[in-house]
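K.L.:
Starting off with a structure, shown below.
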Amino acid sequence: MFGKNPARAQEHTDGLQLWVQEVFYTLQGEGPFIGQPAVFVRLAGCNLVCTWCDTEFESSTWRPSLDELLLDIDAKRQAGCDLVVLTGGEPFRQNVVPLIQALLAKGMRVQFETNGSLWLDDMPLDDNLFIICSPKTKNLHDDILPRISAYKYVLAAGEVDADDGLPVTSTQKVGQACRLARPVGDVPVYVSPRDDYDTHKNAANMALCRDVALKHGYRMTIQLHKMIGVA
Ligand code: SF4
């Protein structure tokens, strides 16, 4: 969206109908489940407006019922795939609790990708629910902190703290300083290079990630899906 999307507030519904951008089957390209086949459910709308965000999450008019959405996930899932990735936009913006409960009840693993600024009180506690937080703001919602399975940071050269290697530049305003929320607790930290759509900048971002991961013990992932030409 490259900072062009409206900032949409959290909705309080029964979660039996969701605004969905797309559902697709692919290989997870980042984070703890990199390389694993997964059905991605991209929830529409976001509460933040990140200047470099290259994801489309506003153009859909599809508002499936929960049952319709579950059928679509099953139709796209291949045998042997038990991973569903809920992403966005910001999936916490809508009431995704019934969807998560239904997926867990079917024996699926659910990876939930969030910017961590919102929370839903009824989020299930389940060993097969993995909350991956990629902070884009100075503070995270207090209630999400004990539930985070891993942190994920997108790094760009010249925009990180020399002490911890993590971002110090605002995601919302170009060139403005902002120390993004730092990891809390002993959970894995993943770093990946920002895609600036510029060969030289991307090379610098890649080198930065490598050095930061080596120095601080983070785990580096690259956007595998872009390299192998899948969504
Ligand atoms: S929080 Fe994520 S989806 Fe939302 S605008 Fe920022 S990068 Fe894009």
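Scheme for the structure tokens: letters A, B, ... for chains in order shown; per-chain residue numbers from 1; ligand numbers from 1 in order shown.
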Do you know which residues are within 12 Å of ligand 1 using only C-alpha atoms and all ligand atoms? Can you write them as a PyMOL selection string?
P.N.:
chain A and resi 1-9+21+42-58+86-93+113-118+133-137+152-154+170-173+194-195
K.L.:
Please tabulate, as JSON lines, the residues of range 37-132 of chain A that come within 12 Å of range 138-150 of chain A, each with its closest pair of atoms and the distance in Å to one decimal, counting only C-alpha atoms and ordering rows by chain, then residue number upward.
P.N.:
```
{"residue": "A:Phe92", "atom": "CA", "partner": "A:Ile144", "partner_atom": "CA", "distance": 10.8}
{"residue": "A:Val110", "atom": "CA", "partner": "A:Ser149", "partner_atom": "CA", "distance": 11.7}
{"residue": "A:Gln111", "atom": "CA", "partner": "A:Ser149", "partner_atom": "CA", "distance": 9.5}
{"residue": "A:Phe112", "atom": "CA", "partner": "A:Ser149", "partner_atom": "CA", "distance": 9.7}
{"residue": "A:Glu113", "atom": "CA", "partner": "A:Ala150", "partner_atom": "CA", "distance": 9.9}
{"residue": "A:Thr114", "atom": "CA", "partner": "A:Ile148", "partner_atom": "CA", "distance": 9.8}
{"residue": "A:Asn115", "atom": "CA", "partner": "A:Leu140", "partner_atom": "CA", "distance": 8.1}
{"residue": "A:Gly116", "atom": "CA", "partner": "A:Leu140", "partner_atom": "CA", "distance": 5.3}
{"residue": "A:Ser117", "atom": "CA", "partner": "A:Leu140", "partner_atom": "CA", "distance": 4.8}
{"residue": "A:Leu118", "atom": "CA", "partner": "A:His141", "partner_atom": "CA", "distance": 5.7}
{"residue": "A:Trp119", "atom": "CA", "partner": "A:Ile144", "partner_atom": "CA", "distance": 6.4}
{"residue": "A:Leu120", "atom": "CA", "partner": "A:Asp143", "partner_atom": "CA", "distance": 8.8}
{"residue": "A:Asp121", "atom": "CA", "partner": "A:Asp143", "partner_atom": "CA", "distance": 8.3}
{"residue": "A:Asp122", "atom": "CA", "partner": "A:Asp143", "partner_atom": "CA", "distance": 11.2}
{"residue": "A:Met123", "atom": "CA", "partner": "A:Arg147", "partner_atom": "CA", "distance": 9.6}
{"residue": "A:Pro124", "atom": "CA", "partner": "A:Arg147", "partner_atom": "CA", "distance": 10.2}
{"residue": "A:Leu125", "atom": "CA", "partner": "A:Arg147", "partner_atom": "CA", "distance": 8.6}
{"residue": "A:Asp126", "atom": "CA", "partner": "A:Arg147", "partner_atom": "CA", "distance": 10.4}
{"residue": "A:Asp127", "atom": "CA", "partner": "A:Ser149", "partner_atom": "CA", "distance": 10.2}
{"residue": "A:Asn128", "atom": "CA", "partner": "A:Ser149", "partner_atom": "CA", "distance": 10.8}
{"residue": "A:Leu129", "atom": "CA", "partner": "A:Ser149", "partner_atom": "CA", "distance": 8.8}
{"residue": "A:Phe130", "atom": "CA", "partner": "A:Ser149", "partner_atom": "CA", "distance": 5.6}
{"residue": "A:Ile131", "atom": "CA", "partner": "A:Ile148", "partner_atom": "CA", "distance": 5.1}
{"residue": "A:Ile132", "atom": "CA", "partner": "A:Ala150", "partner_atom": "CA", "distance": 5.0}
```
K.L.:
Quick one, how far is CA of Arg77 in chain A from CA of Tyr25 in chain A?
P.N.:
6.5 Å
K.L.:
From the DSSP assignment of the backbone, select every residue of range 3-224 of chain A that is helix (DSSP H, G or I), and format the answer as number ranges by chain.
P.N.:
A: 31-33, 66-76, 91-93, 97-105, 142-147, 199-216, 224
K.L.:
Keeping only N, CA and C atoms, write the selected residues as a compact mmCIF listing (two decimals), in the first residue's frame.
P.N.:
```
# COMPACT_ATOMS: atom_id res chain seq x y z
N GLY A 31 10.11 -16.23 8.76
CA GLY A 31 9.81 -16.57 10.15
C GLY A 31 10.00 -18.03 10.50
N PRO A 32 9.45 -18.45 11.63
CA PRO A 32 9.75 -19.78 12.18
C PRO A 32 9.31 -20.94 11.30
N PHE A 33 8.33 -20.74 10.45
CA PHE A 33 7.84 -21.84 9.61
C PHE A 33 8.26 -21.67 8.15
N LEU A 66 -18.09 -17.28 8.00
CA LEU A 66 -17.05 -18.15 8.55
C LEU A 66 -17.07 -19.51 7.87
N ASP A 67 -18.26 -20.05 7.65
CA ASP A 67 -18.37 -21.37 7.00
C ASP A 67 -17.80 -21.33 5.58
N GLU A 68 -18.13 -20.26 4.84
CA GLU A 68 -17.63 -20.13 3.47
C GLU A 68 -16.10 -20.02 3.47
N LEU A 69 -15.58 -19.30 4.42
CA LEU A 69 -14.13 -19.12 4.49
C LEU A 69 -13.44 -20.44 4.83
N LEU A 70 -14.00 -21.18 5.77
CA LEU A 70 -13.40 -22.48 6.14
C LEU A 70 -13.42 -23.45 4.96
N LEU A 71 -14.50 -23.41 4.19
CA LEU A 71 -14.56 -24.27 3.01
C LEU A 71 -13.49 -23.88 1.99
N ASP A 72 -13.28 -22.58 1.83
CA ASP A 72 -12.28 -22.11 0.87
C ASP A 72 -10.86 -22.51 1.32
N ILE A 73 -10.61 -22.41 2.61
CA ILE A 73 -9.30 -22.83 3.15
C ILE A 73 -9.09 -24.32 2.87
N ASP A 74 -10.10 -25.11 3.15
CA ASP A 74 -9.99 -26.56 2.92
C ASP A 74 -9.79 -26.89 1.45
N ALA A 75 -10.46 -26.14 0.58
CA ALA A 75 -10.37 -26.39 -0.86
C ALA A 75 -8.96 -26.09 -1.36
N LYS A 76 -8.31 -25.08 -0.77
CA LYS A 76 -6.98 -24.70 -1.25
C LYS A 76 -5.87 -25.49 -0.60
N PRO A 91 -4.71 -8.58 11.22
CA PRO A 91 -5.80 -9.51 11.51
C PRO A 91 -6.51 -9.27 12.83
N PHE A 92 -5.85 -8.66 13.82
CA PHE A 92 -6.52 -8.37 15.09
C PHE A 92 -7.58 -7.28 14.94
N ARG A 93 -7.63 -6.63 13.79
CA ARG A 93 -8.60 -5.56 13.58
C ARG A 93 -10.03 -6.11 13.53
N VAL A 97 -11.42 -14.58 16.41
CA VAL A 97 -11.42 -15.65 17.41
C VAL A 97 -12.22 -16.87 16.93
N PRO A 98 -13.46 -16.71 16.41
CA PRO A 98 -14.18 -17.91 15.93
C PRO A 98 -13.43 -18.65 14.82
N LEU A 99 -12.78 -17.92 13.94
CA LEU A 99 -12.00 -18.55 12.87
C LEU A 99 -10.85 -19.36 13.47
N ILE A 100 -10.13 -18.79 14.41
CA ILE A 100 -9.00 -19.50 15.02
C ILE A 100 -9.49 -20.74 15.76
N GLN A 101 -10.58 -20.58 16.50
CA GLN A 101 -11.13 -21.73 17.24
C GLN A 101 -11.50 -22.86 16.28
N ALA A 102 -12.10 -22.50 15.16
CA ALA A 102 -12.52 -23.52 14.19
C ALA A 102 -11.31 -24.22 13.57
N LEU A 103 -10.28 -23.46 13.26
CA LEU A 103 -9.08 -24.06 12.66
C LEU A 103 -8.37 -24.98 13.65
N LEU A 104 -8.26 -24.54 14.90
CA LEU A 104 -7.62 -25.38 15.91
C LEU A 104 -8.42 -26.67 16.14
N ALA A 105 -9.75 -26.53 16.12
CA ALA A 105 -10.61 -27.71 16.32
C ALA A 105 -10.44 -28.72 15.19
N ASP A 142 -0.42 -4.22 25.91
CA ASP A 142 0.09 -4.92 27.10
C ASP A 142 -0.27 -6.40 27.11
N ASP A 143 -1.50 -6.72 26.67
CA ASP A 143 -1.98 -8.10 26.80
C ASP A 143 -1.35 -9.07 25.81
N ILE A 144 -0.74 -8.54 24.77
CA ILE A 144 -0.15 -9.46 23.79
C ILE A 144 1.24 -9.93 24.25
N LEU A 145 1.86 -9.17 25.12
CA LEU A 145 3.27 -9.44 25.44
C LEU A 145 3.53 -10.87 25.91
N PRO A 146 2.73 -11.40 26.87
CA PRO A 146 3.04 -12.79 27.31
C PRO A 146 2.64 -13.86 26.30
N ARG A 147 1.98 -13.47 25.22
CA ARG A 147 1.47 -14.46 24.26
C ARG A 147 2.31 -14.53 22.98
N THR A 199 18.34 -2.16 -6.08
CA THR A 199 19.37 -3.18 -5.95
C THR A 199 20.42 -2.84 -4.89
N HIS A 200 20.89 -1.60 -4.91
CA HIS A 200 21.96 -1.21 -3.98
C HIS A 200 21.46 -1.15 -2.54
N LYS A 201 20.27 -0.56 -2.37
CA LYS A 201 19.71 -0.48 -1.02
C LYS A 201 19.41 -1.89 -0.50
N ASN A 202 18.90 -2.75 -1.35
CA ASN A 202 18.57 -4.11 -0.90
C ASN A 202 19.83 -4.88 -0.51
N ALA A 203 20.92 -4.66 -1.23
CA ALA A 203 22.18 -5.33 -0.88
C ALA A 203 22.65 -4.85 0.50
N ALA A 204 22.51 -3.56 0.76
CA ALA A 204 22.92 -3.02 2.06
C ALA A 204 22.00 -3.55 3.16
N ASN A 205 20.71 -3.66 2.87
CA ASN A 205 19.77 -4.18 3.88
C ASN A 205 20.08 -5.65 4.20
N MET A 206 20.42 -6.41 3.17
CA MET A 206 20.78 -7.82 3.35
C MET A 206 22.03 -7.95 4.22
N ALA A 207 23.06 -7.15 3.91
CA ALA A 207 24.30 -7.21 4.67
C ALA A 207 24.07 -6.80 6.12
N LEU A 208 23.23 -5.81 6.30
CA LEU A 208 22.90 -5.38 7.67
C LEU A 208 22.27 -6.52 8.46
N CYS A 209 21.30 -7.19 7.86
CA CYS A 209 20.63 -8.30 8.54
C CYS A 209 21.62 -9.39 8.92
N ARG A 210 22.47 -9.72 7.99
CA ARG A 210 23.49 -10.74 8.25
C ARG A 210 24.33 -10.35 9.46
N ASP A 211 24.83 -9.12 9.47
CA ASP A 211 25.73 -8.68 10.54
C ASP A 211 25.00 -8.60 11.88
N VAL A 212 23.78 -8.09 11.83
CA VAL A 212 23.00 -7.94 13.06
C VAL A 212 22.67 -9.31 13.65
N ALA A 213 22.30 -10.26 12.78
CA ALA A 213 21.97 -11.60 13.27
C ALA A 213 23.19 -12.26 13.89
N LEU A 214 24.34 -12.12 13.22
CA LEU A 214 25.56 -12.72 13.75
C LEU A 214 25.96 -12.09 15.09
N LYS A 215 25.79 -10.78 15.20
CA LYS A 215 26.24 -10.09 16.40
C LYS A 215 25.33 -10.33 17.60
N HIS A 216 24.01 -10.36 17.35
CA HIS A 216 23.06 -10.38 18.46
C HIS A 216 22.36 -11.72 18.66
N LEU A 224 11.64 -15.69 1.13
CA LEU A 224 11.77 -16.85 0.25
C LEU A 224 10.75 -16.85 -0.88
```
K.L.:
Leaving out Gln17 in chain A and any residue of its chain fewer than 4 positions from it, which residues lie within 7 Å of it when counting only C-alpha atoms, given as a PDB file with N, CA and C atoms, in the first residue's frame?
P.N.:
```pdb
ATOM      1  N   ARG A  63     -16.598 -10.643   1.491  1.00  0.00           N
ATOM      2  CA  ARG A  63     -16.909 -10.715   2.925  1.00  0.00           C
ATOM      3  C   ARG A  63     -17.573 -12.063   3.216  1.00  0.00           C
ATOM      4  N   PRO A  64     -16.776 -13.137   3.214  1.00  0.00           N
ATOM      5  CA  PRO A  64     -17.349 -14.478   3.377  1.00  0.00           C
ATOM      6  C   PRO A  64     -17.842 -14.718   4.795  1.00  0.00           C
ATOM      7  N   SER A  65     -18.850 -15.601   4.891  1.00  0.00           N
ATOM      8  CA  SER A  65     -19.227 -16.104   6.215  1.00  0.00           C
ATOM      9  C   SER A  65     -18.081 -16.994   6.707  1.00  0.00           C
ATOM     10  N   LEU A  66     -18.089 -17.283   7.996  1.00  0.00           N
ATOM     11  CA  LEU A  66     -17.054 -18.150   8.555  1.00  0.00           C
ATOM     12  C   LEU A  66     -17.067 -19.515   7.866  1.00  0.00           C
TER      13      LEU A  66
END
```
K.L.:
Kindly indicate which residue among A:Val191, A:Ile34, A:Val85, A:Val20 lies nearest to Ser60 in chain A, using only C-alpha atoms for the distances.
P.N.:
A:Val20
K.L.:
Given only C-alpha atoms as the basis, pick out the residue of A:Ala79, A:Val174, A:Gln94, A:Gly29 nearest to Leu16 in chain A.
P.N.:
A:Gln94
K.L.:
In Å, with one decimal, what is the gap from CA of Glu22 in chain A to CA of His225 in chain A?
P.N.:
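Interatomic distance here is 16.2 Å.
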K.L.:
When you look at Gly35 in chain A with a cut-off of 12 Å (counting only C-alpha atoms), what residues show up, excluding the ones that are within fewer than 5 positions of it in the same chain? I need them as a list in words.
P.N.:
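Answer for this query is Thr26, Leu27, Gln28, Gly29, Glu30, Cys81, Leu83, Thr221, Ile222, Gln223, Leu224, His225, Met227, Ile228 and Val230 of chain A.
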K.L.:
Based on DSSP run over this structure's backbone, return all residues of range 5-189 of chain A in strand (DSSP E), as JSON, numbers by chain.
P.N.:
{"A": [20, 21, 22, 23, 24, 25, 26, 27, 37, 38, 39, 40, 41, 42, 43, 83, 84, 85, 86, 87, 109, 110, 111, 112, 113, 114, 129, 130, 131, 132, 133, 148, 149, 150, 151, 152, 153, 154, 155, 189]}
K.L.:
Which value, in Å to one decimal, gives the distance between CA of Val184 in chain A and CA of Ala157 in chain A?
P.N.:
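Taking CA of Val184 in chain A and CA of Ala157 in chain A, their separation equals 23.7 Å.
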